[in-house]
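Structure file coords.cif with mmCIF, C-alpha atoms:
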```
data_query
loop_
_atom_site.label_atom_id
_atom_site.label_comp_id
_atom_site.auth_asym_id
_atom_site.auth_seq_id
_atom_site.Cartn_x
_atom_site.Cartn_y
_atom_site.Cartn_z
CA ARG Y 29 37.81 -23.61 53.70
CA LEU Y 30 35.16 -25.08 51.41
CA PRO Y 31 33.09 -27.02 53.99
CA LYS Y 32 33.02 -23.98 56.30
CA SER Y 33 31.82 -21.78 53.46
CA MET Y 34 29.05 -24.20 52.54
CA ALA Y 35 28.02 -24.56 56.17
CA LEU Y 36 27.86 -20.79 56.53
CA ARG Y 37 25.82 -20.44 53.34
CA ASN Y 38 23.36 -23.11 54.45
CA LYS Y 39 23.01 -21.52 57.89
CA LEU Y 40 22.35 -18.12 56.32
CA LEU Y 41 19.78 -19.62 53.97
CA GLU Y 42 18.04 -21.39 56.86
CA THR Y 43 17.98 -18.19 58.93
CA SER Y 44 16.78 -16.11 56.00
CA LEU Y 45 13.98 -18.54 55.15
CA ALA Y 46 12.81 -18.52 58.77
CA ALA Y 47 12.83 -14.71 58.89
CA PHE Y 48 10.98 -14.52 55.57
CA GLY Y 49 8.33 -16.92 56.85
CA GLN Y 50 7.77 -14.80 59.96
CA LEU Y 51 7.46 -11.64 57.89
CA LYS Y 52 4.86 -13.28 55.64
CA GLN Y 53 2.80 -14.29 58.67
CA HIS Y 54 2.84 -10.82 60.21
CA GLY Y 55 2.79 -8.46 57.28
CA GLY Y 56 2.07 -10.33 54.09
CA GLU Y 57 4.23 -10.12 50.98
CA SER Y 58 4.80 -6.39 50.53
CA PRO Y 59 6.79 -5.28 47.44
CA LYS Y 60 9.63 -4.03 49.65
CA MET Y 61 9.81 -7.31 51.52
CA LEU Y 62 9.84 -9.28 48.26
CA ALA Y 63 12.58 -7.05 46.84
CA ASP Y 64 14.67 -7.55 49.98
CA TRP Y 65 14.17 -11.31 49.76
CA ALA Y 66 15.31 -11.30 46.13
CA THR Y 67 18.43 -9.38 47.18
CA THR Y 68 19.09 -12.00 49.88
CA LEU Y 69 18.72 -14.81 47.34
CA VAL Y 70 21.24 -13.09 45.06
CA ALA Y 71 23.72 -12.73 47.93
CA LEU Y 72 23.31 -16.43 48.75
CA SER Y 73 23.81 -17.31 45.08
CA ASP Y 74 27.09 -15.37 45.09
CA MET Y 75 28.25 -17.51 48.00
CA ALA Y 76 27.22 -20.64 46.12
CA VAL Y 77 29.29 -19.52 43.11
CA ALA Y 78 32.26 -18.88 45.40
CA VAL Y 79 32.21 -22.53 46.51
CA ASP Y 80 31.53 -23.82 42.97
CA GLN Y 81 27.89 -24.79 43.62
CA ARG Y 82 26.73 -23.47 40.25
CA GLU Y 83 23.45 -25.41 40.03
CA GLU Y 84 22.40 -24.09 43.42
CA ALA Y 85 23.47 -20.59 42.40
CA MET Y 86 21.34 -20.83 39.26
CA ARG Y 87 18.32 -22.01 41.28
CA LEU Y 88 18.65 -19.09 43.69
CA ARG Y 89 19.15 -16.56 40.89
CA GLN Y 90 16.15 -17.85 38.96
CA GLU Y 91 14.02 -17.57 42.11
CA ALA Y 92 15.20 -13.97 42.55
CA LEU Y 93 14.49 -13.30 38.86
CA ALA Y 94 10.90 -14.54 39.20
CA ILE Y 95 10.33 -12.19 42.14
CA ARG Y 96 11.81 -9.23 40.30
CA GLU Y 97 9.85 -9.92 37.13
CA GLY Y 98 6.69 -9.94 39.26
CA LEU Y 99 7.60 -6.61 40.86
CA VAL Y 100 8.21 -4.98 37.46
CA HIS Y 101 4.96 -6.43 36.11
CA ALA Y 102 3.10 -4.84 39.04
CA GLU Y 103 4.92 -1.48 38.80
CA PRO Y 104 6.48 -1.24 35.32
CA ASP Y 105 7.61 2.37 35.71
CA ARG Y 106 9.42 1.94 39.02
CA ALA Y 107 13.13 2.48 38.26
CA GLU Y 108 14.37 0.56 41.32
CA TRP Y 109 12.57 -2.63 40.33
CA ASN Y 110 13.78 -2.33 36.73
CA ARG Y 111 17.40 -1.92 37.82
CA ASP Y 112 17.16 -5.02 39.97
CA LEU Y 113 15.60 -6.97 37.12
CA ALA Y 114 18.41 -5.93 34.75
CA VAL Y 115 20.96 -7.18 37.30
CA SER Y 116 19.17 -10.54 37.55
CA TYR Y 117 19.34 -11.06 33.78
CA VAL Y 118 23.10 -10.43 33.90
CA LEU Y 119 23.65 -12.75 36.86
CA ILE Y 120 21.88 -15.64 35.15
CA GLY Y 121 23.63 -14.94 31.85
CA ASP Y 122 26.99 -15.01 33.59
CA LEU Y 123 26.34 -18.60 34.69
CA LEU Y 124 25.53 -19.70 31.12
CA ASP Y 125 29.13 -19.92 30.02
CA GLY Y 126 29.02 -22.99 27.78
CA PRO Y 127 29.63 -22.58 24.02
CA GLU Y 128 26.15 -23.94 23.32
CA GLN Y 129 24.61 -21.29 25.59
CA VAL Y 130 25.88 -18.19 23.78
CA ALA Y 131 22.50 -17.42 22.17
CA GLU Y 132 20.73 -17.70 25.53
CA ARG Y 133 23.28 -15.43 27.19
CA ARG Y 134 22.96 -12.93 24.37
CA ALA Y 135 19.16 -12.83 24.79
CA LEU Y 136 19.52 -12.13 28.52
CA TYR Y 137 22.16 -9.43 28.03
CA GLU Y 138 20.00 -7.80 25.35
CA LYS Y 139 17.11 -7.69 27.85
CA THR Y 140 19.43 -5.94 30.29
CA LEU Y 141 20.48 -3.45 27.63
CA ALA Y 142 16.84 -2.75 26.72
CA ILE Y 143 16.00 -1.98 30.36
CA ASP Y 144 19.02 0.27 30.82
CA GLU Y 145 18.26 2.15 27.60
CA VAL Y 146 14.75 2.92 28.88
CA LEU Y 147 16.13 4.00 32.26
CA ILE Y 148 18.77 6.30 30.73
CA ALA Y 149 16.12 7.90 28.51
CA ARG Y 150 14.25 8.83 31.68
CA GLN Y 151 17.35 9.82 33.69
CA PRO Y 152 20.07 10.84 31.19
CA ASP Y 153 22.45 12.14 33.87
CA ASP Y 154 22.30 9.12 36.18
CA VAL Y 155 25.93 8.02 36.56
CA GLY Y 156 24.97 4.56 37.78
CA ILE Y 157 22.84 3.83 34.72
CA ILE Y 158 25.52 5.18 32.35
CA ASN Y 159 28.06 2.87 34.00
CA ASN Y 160 25.67 -0.09 33.69
CA LEU Y 161 25.19 0.68 30.01
CA ALA Y 162 28.95 0.74 29.46
CA PHE Y 163 29.26 -2.81 30.73
CA ASP Y 164 26.11 -3.91 28.86
CA TYR Y 165 27.97 -3.01 25.67
CA GLU Y 166 31.11 -4.86 26.77
CA ARG Y 167 29.17 -8.07 27.51
CA LEU Y 168 27.48 -7.99 24.12
CA GLY Y 169 30.79 -7.12 22.46
CA ASN Y 170 32.43 -10.16 24.02
CA LEU Y 171 29.65 -12.40 22.73
CA ALA Y 172 29.90 -10.89 19.24
CA LYS Y 173 33.64 -11.57 19.35
CA LEU Y 174 32.97 -15.19 20.34
CA ARG Y 175 30.73 -15.54 17.28
CA GLY Y 176 33.45 -14.05 15.08
CA ASP Y 177 31.41 -10.91 14.33
CA TYR Y 178 34.33 -8.51 14.86
CA PRO Y 179 32.75 -5.38 13.32
CA LEU Y 180 29.76 -5.69 15.67
CA ALA Y 181 32.05 -6.42 18.61
CA LYS Y 182 34.14 -3.33 17.85
CA SER Y 183 31.02 -1.15 17.62
CA TYR Y 184 29.94 -2.28 21.09
CA PHE Y 185 33.39 -1.62 22.56
CA GLU Y 186 33.45 1.84 20.95
CA LYS Y 187 30.10 2.62 22.59
CA GLN Y 188 31.52 1.50 25.93
CA HIS Y 189 34.52 3.76 25.37
CA VAL Y 190 32.34 6.81 24.65
CA LEU Y 191 30.26 6.23 27.79
CA ALA Y 192 33.39 5.79 29.92
CA LEU Y 193 34.75 9.08 28.59
CA SER Y 194 31.49 10.84 29.47
CA LEU Y 195 31.71 9.48 33.02
CA ILE Y 196 35.33 10.57 33.44
CA GLU Y 197 34.41 14.07 32.23
CA ARG Y 198 31.99 14.23 35.17
CA ASP Y 199 34.48 12.86 37.70
CA THR Y 200 38.12 12.22 36.77
CA ASP Y 201 38.63 10.07 39.88
CA ASN Y 202 35.63 7.78 39.44
CA PRO Y 203 37.11 4.25 39.78
CA SER Y 204 34.16 2.61 38.05
CA ALA Y 205 34.44 4.98 35.08
CA LEU Y 206 38.21 4.48 34.87
CA TRP Y 207 37.70 0.70 34.98
CA ALA Y 208 35.15 0.92 32.16
CA MET Y 209 37.65 3.00 30.19
CA LEU Y 210 40.39 0.45 30.82
CA CYS Y 211 38.16 -2.44 29.71
CA SER Y 212 37.16 -0.66 26.51
CA MET Y 213 40.79 0.16 25.69
CA GLY Y 214 41.82 -3.45 26.17
CA GLN Y 215 39.00 -4.69 23.97
CA LEU Y 216 39.67 -2.13 21.24
CA ALA Y 217 43.40 -2.94 21.32
CA ALA Y 218 42.54 -6.61 20.75
CA MET Y 219 40.20 -5.63 17.89
CA ASN Y 220 42.91 -3.55 16.23
CA GLU Y 221 45.44 -6.33 16.63
CA GLN Y 222 43.00 -8.82 15.11
CA ALA Y 223 42.58 -6.44 12.17
CA GLY Y 224 46.36 -6.23 11.70
CA ASP Y 225 46.82 -2.69 13.05
CA ALA Y 226 49.52 -3.39 15.64
CA ALA Y 227 50.46 0.29 15.91
CA ALA Y 228 46.93 1.34 16.93
CA ALA Y 229 46.77 -1.57 19.39
CA GLY Y 230 50.08 -0.48 20.93
CA ARG Y 231 48.91 3.13 21.33
CA LEU Y 232 45.74 1.98 23.08
CA ARG Y 233 47.69 -0.24 25.47
CA LEU Y 234 50.03 2.64 26.30
CA ASP Y 235 47.03 4.86 27.09
CA ALA Y 236 45.53 2.01 29.11
CA LEU Y 237 48.68 1.85 31.22
CA SER Y 238 48.12 5.48 32.26
CA VAL Y 239 44.56 4.57 33.28
CA THR Y 240 45.77 1.65 35.42
CA GLU Y 241 48.29 3.95 37.13
CA ARG Y 242 45.44 6.30 38.06
CA LEU Y 243 43.40 3.39 39.41
CA VAL Y 244 46.27 2.13 41.55
CA ALA Y 245 46.91 5.67 42.83
CA LEU Y 246 43.25 5.82 43.93
CA ASP Y 247 43.31 2.40 45.62
CA PRO Y 248 46.79 0.85 45.90
CA GLU Y 249 45.47 -2.13 47.88
CA ASN Y 250 42.94 -3.19 45.26
CA PRO Y 251 44.30 -6.46 43.79
CA GLU Y 252 42.32 -6.13 40.55
CA PHE Y 253 43.81 -2.68 39.90
CA VAL Y 254 47.35 -3.86 40.66
CA LYS Y 255 46.98 -6.93 38.45
CA ALA Y 256 45.57 -4.81 35.61
CA MET Y 257 48.47 -2.38 35.90
CA VAL Y 258 51.11 -5.08 35.81
CA SER Y 259 49.50 -7.08 32.98
CA THR Y 260 49.06 -3.91 30.92
CA ALA Y 261 52.68 -2.96 31.54
CA VAL Y 262 53.75 -6.44 30.39
CA SER Y 263 51.77 -5.94 27.16
CA VAL Y 264 53.29 -2.50 26.62
CA ALA Y 265 56.77 -3.91 27.18
CA ALA Y 266 56.09 -6.66 24.63
CA ASP Y 267 55.04 -3.97 22.14
CA GLN Y 268 58.03 -1.69 22.68
CA LEU Y 269 60.94 -3.90 23.79
CA ASP Y 270 63.15 -0.93 24.61
CA SER Y 271 64.90 0.60 27.61
CA ARG Y 272 61.91 2.82 28.41
CA SER Y 273 59.50 -0.10 28.68
CA THR Y 274 62.06 -1.99 30.77
CA ALA Y 275 62.29 0.92 33.21
CA GLN Y 276 58.47 1.04 33.44
CA LEU Y 277 58.35 -2.63 34.35
CA VAL Y 278 61.17 -2.44 36.89
CA ARG Y 279 59.35 0.35 38.75
CA MET Y 280 56.39 -1.98 39.26
CA GLU Y 281 58.28 -4.79 40.96
CA PRO Y 282 57.57 -3.65 44.58
CA LEU Y 283 53.89 -3.26 43.68
CA LEU Y 284 53.75 -6.75 42.20
CA ARG Y 285 55.57 -8.21 45.18
CA ARG Y 286 52.94 -6.70 47.49
CA PHE Y 287 50.21 -8.03 45.21
CA VAL Y 288 51.59 -11.57 45.66
CA GLU Y 289 52.06 -11.10 49.42
CA MET Y 290 48.37 -10.18 49.83
CA GLU Y 291 47.55 -13.84 49.08
CA PRO Y 292 50.78 -15.85 49.27
CA GLU Y 293 48.98 -19.14 48.56
CA ASN Y 294 47.30 -17.81 45.41
CA HIS Y 295 48.92 -19.72 42.54
CA ASP Y 296 47.51 -17.42 39.86
CA ARG Y 297 49.22 -14.42 41.43
CA LYS Y 298 52.54 -16.20 41.46
CA ARG Y 299 52.05 -17.10 37.82
CA ASP Y 300 51.37 -13.40 37.15
CA GLN Y 301 54.67 -12.67 38.88
CA ALA Y 302 56.49 -15.20 36.70
CA HIS Y 303 54.89 -13.70 33.59
CA TYR Y 304 56.12 -10.28 34.71
CA TYR Y 305 59.70 -11.53 35.12
CA LEU Y 306 59.55 -13.12 31.68
CA ALA Y 307 58.47 -9.79 30.22
CA LEU Y 308 61.54 -8.23 31.83
CA PHE Y 309 63.64 -11.03 30.37
CA GLY Y 310 62.33 -10.17 26.90
CA ALA Y 311 62.82 -6.43 27.34
CA ASN Y 312 66.42 -6.86 28.58
CA HIS Y 313 67.27 -9.44 25.97
CA ALA Y 314 66.03 -7.11 23.22
CA VAL Y 315 68.51 -4.43 24.28
CA LYS Y 316 71.27 -7.08 24.69
CA ASP Y 317 71.47 -6.75 28.48
CA PHE Y 318 72.05 -10.48 28.85
CA ALA Y 319 73.00 -10.40 32.54
CA ASN Y 320 69.67 -8.86 33.57
CA ALA Y 321 67.82 -11.01 31.04
CA GLU Y 322 69.20 -14.13 32.75
CA ARG Y 323 68.45 -12.74 36.19
CA TYR Y 324 64.78 -12.20 35.39
CA ALA Y 325 64.30 -15.50 33.55
CA SER Y 326 65.84 -17.24 36.60
CA ARG Y 327 63.47 -15.39 38.92
CA ALA Y 328 60.53 -16.49 36.81
CA LEU Y 329 61.60 -20.13 37.00
CA ASP Y 330 62.27 -19.86 40.76
CA VAL Y 331 58.75 -18.52 41.33
CA LEU Y 332 57.26 -21.37 39.30
CA HIS Y 333 59.37 -23.96 41.11
CA SER Y 334 58.11 -22.58 44.45
CA LEU Y 335 54.58 -23.76 43.64
CA PRO Y 336 53.44 -27.24 44.74
CA ALA Y 337 53.44 -30.20 42.37
CA SER Y 338 49.65 -29.92 41.94
CA ALA Y 339 50.14 -26.51 40.26
CA PHE Y 340 51.83 -28.25 37.34
CA ASP Y 341 48.48 -29.73 36.32
CA ASN Y 342 47.65 -26.23 35.07
CA PRO Y 343 48.54 -25.73 31.37
CA ASP Y 344 49.39 -22.05 32.03
CA GLN Y 345 51.96 -23.17 34.59
CA LEU Y 346 53.53 -25.55 32.07
CA ARG Y 347 53.59 -22.85 29.37
CA LEU Y 348 55.42 -20.49 31.71
CA VAL Y 349 57.92 -23.18 32.76
CA LEU Y 350 58.49 -23.98 29.09
CA THR Y 351 59.08 -20.31 28.26
CA ALA Y 352 61.36 -19.65 31.24
CA SER Y 353 63.50 -22.77 30.82
CA ASP Y 354 63.73 -22.31 27.05
CA SER Y 355 64.79 -18.68 27.58
CA LEU Y 356 67.53 -19.77 29.98
CA ALA Y 357 68.64 -22.46 27.52
CA ILE Y 358 69.01 -19.79 24.81
CA LEU Y 359 71.09 -17.60 27.14
CA ALA Y 360 73.27 -20.55 28.14
CA GLU Y 361 73.89 -21.34 24.48
CA GLU Y 362 74.77 -17.71 23.75
CA ARG Y 363 77.47 -17.77 26.43
CA GLY Y 364 78.67 -21.26 25.49
CA ASP Y 365 77.57 -23.05 28.68
CA VAL Y 366 76.78 -26.51 27.27
CA GLU Y 367 75.88 -28.09 30.62
CA ALA Y 368 73.38 -25.38 31.59
CA ARG Y 369 71.89 -25.39 28.11
CA SER Y 370 71.35 -29.15 28.31
CA ALA Y 371 69.67 -28.90 31.74
CA PHE Y 372 67.30 -26.07 30.76
CA SER Y 373 66.52 -27.65 27.38
CA SER Y 374 65.63 -30.87 29.16
CA GLU Y 375 63.24 -29.02 31.48
CA ALA Y 376 61.68 -27.21 28.51
CA ALA Y 377 61.20 -30.52 26.68
CA ASN Y 378 59.62 -32.07 29.77
CA ALA Y 379 57.16 -29.16 30.10
CA ALA Y 380 56.36 -29.40 26.37
CA ASN Y 381 55.70 -33.14 26.66
CA GLN Y 382 53.31 -32.58 29.59
CA LEU Y 383 51.52 -29.89 27.63
CA GLU Y 384 51.21 -32.26 24.69
CA GLU Y 385 49.56 -34.84 26.95
CA LYS Y 386 47.09 -32.27 28.31
CA LEU Y 387 46.30 -30.39 25.12
CA GLY Y 388 46.95 -32.94 22.42
CA THR Y 389 49.48 -30.62 20.74
CA ASP Y 390 52.69 -31.84 19.13
CA SER Y 391 55.40 -31.00 21.66
CA ALA Y 392 57.83 -30.15 18.84
CA THR Y 393 55.63 -27.16 17.96
CA LEU Y 394 55.69 -25.88 21.54
CA ILE Y 395 59.44 -25.50 22.02
#
```
Exercise: express the given structure as structure tokens:
Amino acid sequence: RLPKSMALRNKLLETSLAAFGQLKQHGGESPKMLADWATTLVALSDMAVAVDQREEAMRLRQEALAIREGLVHAEPDRAEWNRDLAVSYVLIGDLLDGPEQVAERRALYEKTLAIDEVLIARQPDDVGIINNLAFDYERLGNLAKLRGDYPLAKSYFEKQHVLALSLIERDTDNPSALWAMLCSMGQLAAMNEQAGDAAAAGRLRLDALSVTERLVALDPENPEFVKAMVSTAVSVAADQLDSRSTAQLVRMEPLLRRFVEMEPENHDRKRDQAHYYLALFGANHAVKDFANAERYASRALDVLHSLPASAFDNPDQLRLVLTASDSLAILAEERGDVEARSAFSSEAANAANQLEEKLGTDSATLI
């Protein structure tokens, strides 16, 4: 698929450049034409990112940024140009994902926030700007968390939460607002957990599960919504480990199966499925339903075994295999099945040894 994608991107770029050249000859560089060209460059950069051509994506995004900065310089009060410029700062910041680039990303995201704060002061009821602001705060919160500044990170996530609430008050079925709410809940749950308040984190995750259910009800075919619902349910189950959380998870199995079937060759989705089955193992084991615990741990391992050998280069794959095989070894020991325990323990040890090679971690600490 990759060569076709690159060929298509190059053809689109060639066609776009030719069209832009003709427009310049006939009508000069009008602001509208320049804005449209910047939008085209951004679309081409997205295609470059999709095929892992990050240097090319950066070049295209920087070219679009230069155009948009020029448009804002010429008409500083034009909201449309300012919105586009704010987007460009985010797009470039998103490509600066190295640990040594955190300060540069922060500066770009702060520029975006400054623009959006000016825009919202002019148009306080603009839902689009409010939504943009919500995610401005999340980006800056994530960077503060990376720097270890947890109080600042929490303050940003709380601001995101307040804005999401205000959006939902306007429209209870606004998917973008519900997604912003979900993101803020997840971030605040992590902040509470980091601060040692597991109870508050658990309450937030339970509320977040209700939000994901609303999102999936609005768009049941959206893979991001389905994945968020299942992963949140797994977290809730890990918090509660009771029959209620088990029942919640079981109800989601058809949804998860459809999520995997949407892209049957997507390894990450199958790993999500394995993670889900392991959560059901834990929930059943906690209530001493050992038969169902074994059934779900076996399903998790079957899903992982169905992936090609190349998938086992992924540390997450090895962690899941280690967890599933170790869980089955524990169950085998509990029922006195020495042969099965030996086989599963051997697979767990093998996964741990591979992880040790990849991560440089003592395999004894992984089992």
Note to self: Between CA of Leu136 (chain Y) and CA of Ala217 (chain Y), what distance in Å does the model show, to one decimal?
What the structure shows: 26.6 Å
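Nearest residue to Leu161 (chain Y), choosing from Y:Leu243, Y:Leu174, Y:Ala78, Y:Val146 and counting all atoms listed in the file: Y:Val146.
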Next item on the list: Identify all residues satisfying the PyMOL selection byres ((chain Y and resi 351) around 10) in the given file; provide them as a list in words.
Entry: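 Applying the PyMOL selection byres ((chain Y and resi 351) around 10) to the structure shown produces His303, Leu306, Ala325, Ala328, Leu329, Gln345, Leu346, Arg347, Leu348, Val349, Leu350, Ala352, Ser353, Asp354, Ser355, Leu356, Ala357, Ala376, Ala379, Ala380, Leu394 and Ile395 of chain Y.
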Checklist line | CA of Asp112 (chain Y) to CA of Thr140 (chain Y), distance in Å rounded to a single decimal | finding: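 We find that CA of Asp112 (chain Y) and CA of Thr140 (chain Y) lie 10.0 Å from each other.
Ranking Y:Arg89, Y:Arg198, Y:His313, Y:Arg279 by their shortest atom-to-atom distance to Met257 (chain Y), with all atoms listed in the file included, puts Y:Arg279 first.
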Notebook entry, point to check: What do you get, as a PyMOL selection string, if you spell out every residue that the PyMOL selection byres ((chain Y and resi 255) around 12) selects here?
Noted result: chain Y and resi 237+240-241+243-244+248-254+256-262+280-281+283-288+290+296-301+303-304
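Between CA of Leu72 (chain Y) and CA of Ala85 (chain Y) there is a distance of 7.6 Å.
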Next item on the list: Using all atoms listed in the file, pick whichever of Y:Asp235, Y:Glu375, Y:Asp154, Y:Glu322 has the shortest atom-to-atom distance to Ser263 (chain Y).
Entry: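 Using all atoms listed in the file, the shortest distance to Ser263 (chain Y) belongs to Y:Asp235.
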Margin query: With all atoms listed in the file as the counted atoms, please give the residues lying no more than 12 Å from Met86 (chain Y), apart from itself and same-chain residues fewer than 3 positions off, as a list in words.
Written below: Leu69, Val70, Leu72, Ser73, Asp74, Met75, Ala76, Val77, Asp80, Gln81, Arg82, Glu83, Arg89, Gln90, Glu91, Ala92, Leu93, Ser116, Tyr117, Val118, Leu119, Ile120, Gly121, Asp122, Leu123 and Leu124 of chain Y
Check: Which residues match the PyMOL selection byres ((chain Y and resi 200-213) around 6) in the file above, as a list in words?
Finding: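 When the PyMOL selection byres ((chain Y and resi 200-213) around 6) is applied, the selected residues are Phe185, His189, Ala192, Leu195, Ile196, Asp199, Gly214, Gln215, Leu216, Ala217, Leu232 and Ala236 of chain Y.
Using only C-alpha atoms, the smallest distance between any of Y:Asp64, Y:Asp164, Y:Asp105, Y:Asp125 and Tyr137 (chain Y) comes from Y:Asp164.
Each of Y:Ala66, Y:Ala339, Y:Ala107, Y:Ala142 was checked against Leu88 (chain Y) using only C-alpha atoms; the smallest atom-to-atom distance is that of Y:Ala66.
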Next item on the list: Between Y:Gly176, Y:Gly230, Y:Pro343, Y:Gly156, single out the one closest to Asp267 (chain Y), counting all atoms listed in the file.
Entry: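 With all atoms listed in the file as the atom set, the closest residue is Y:Gly230.
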Please define a box with edges along x, y and z of the file around all atoms of region 194-212 of chain Y given in the file, extend it by 6 Å on each side, and return its centre and edge lengths in Å to one decimal, as lines of an AutoDock Vina configuration file.
```
center_x = 35.9
center_y = 5.9
center_z = 33.2
size_x = 20.9
size_y = 28.7
size_z = 25.4
```
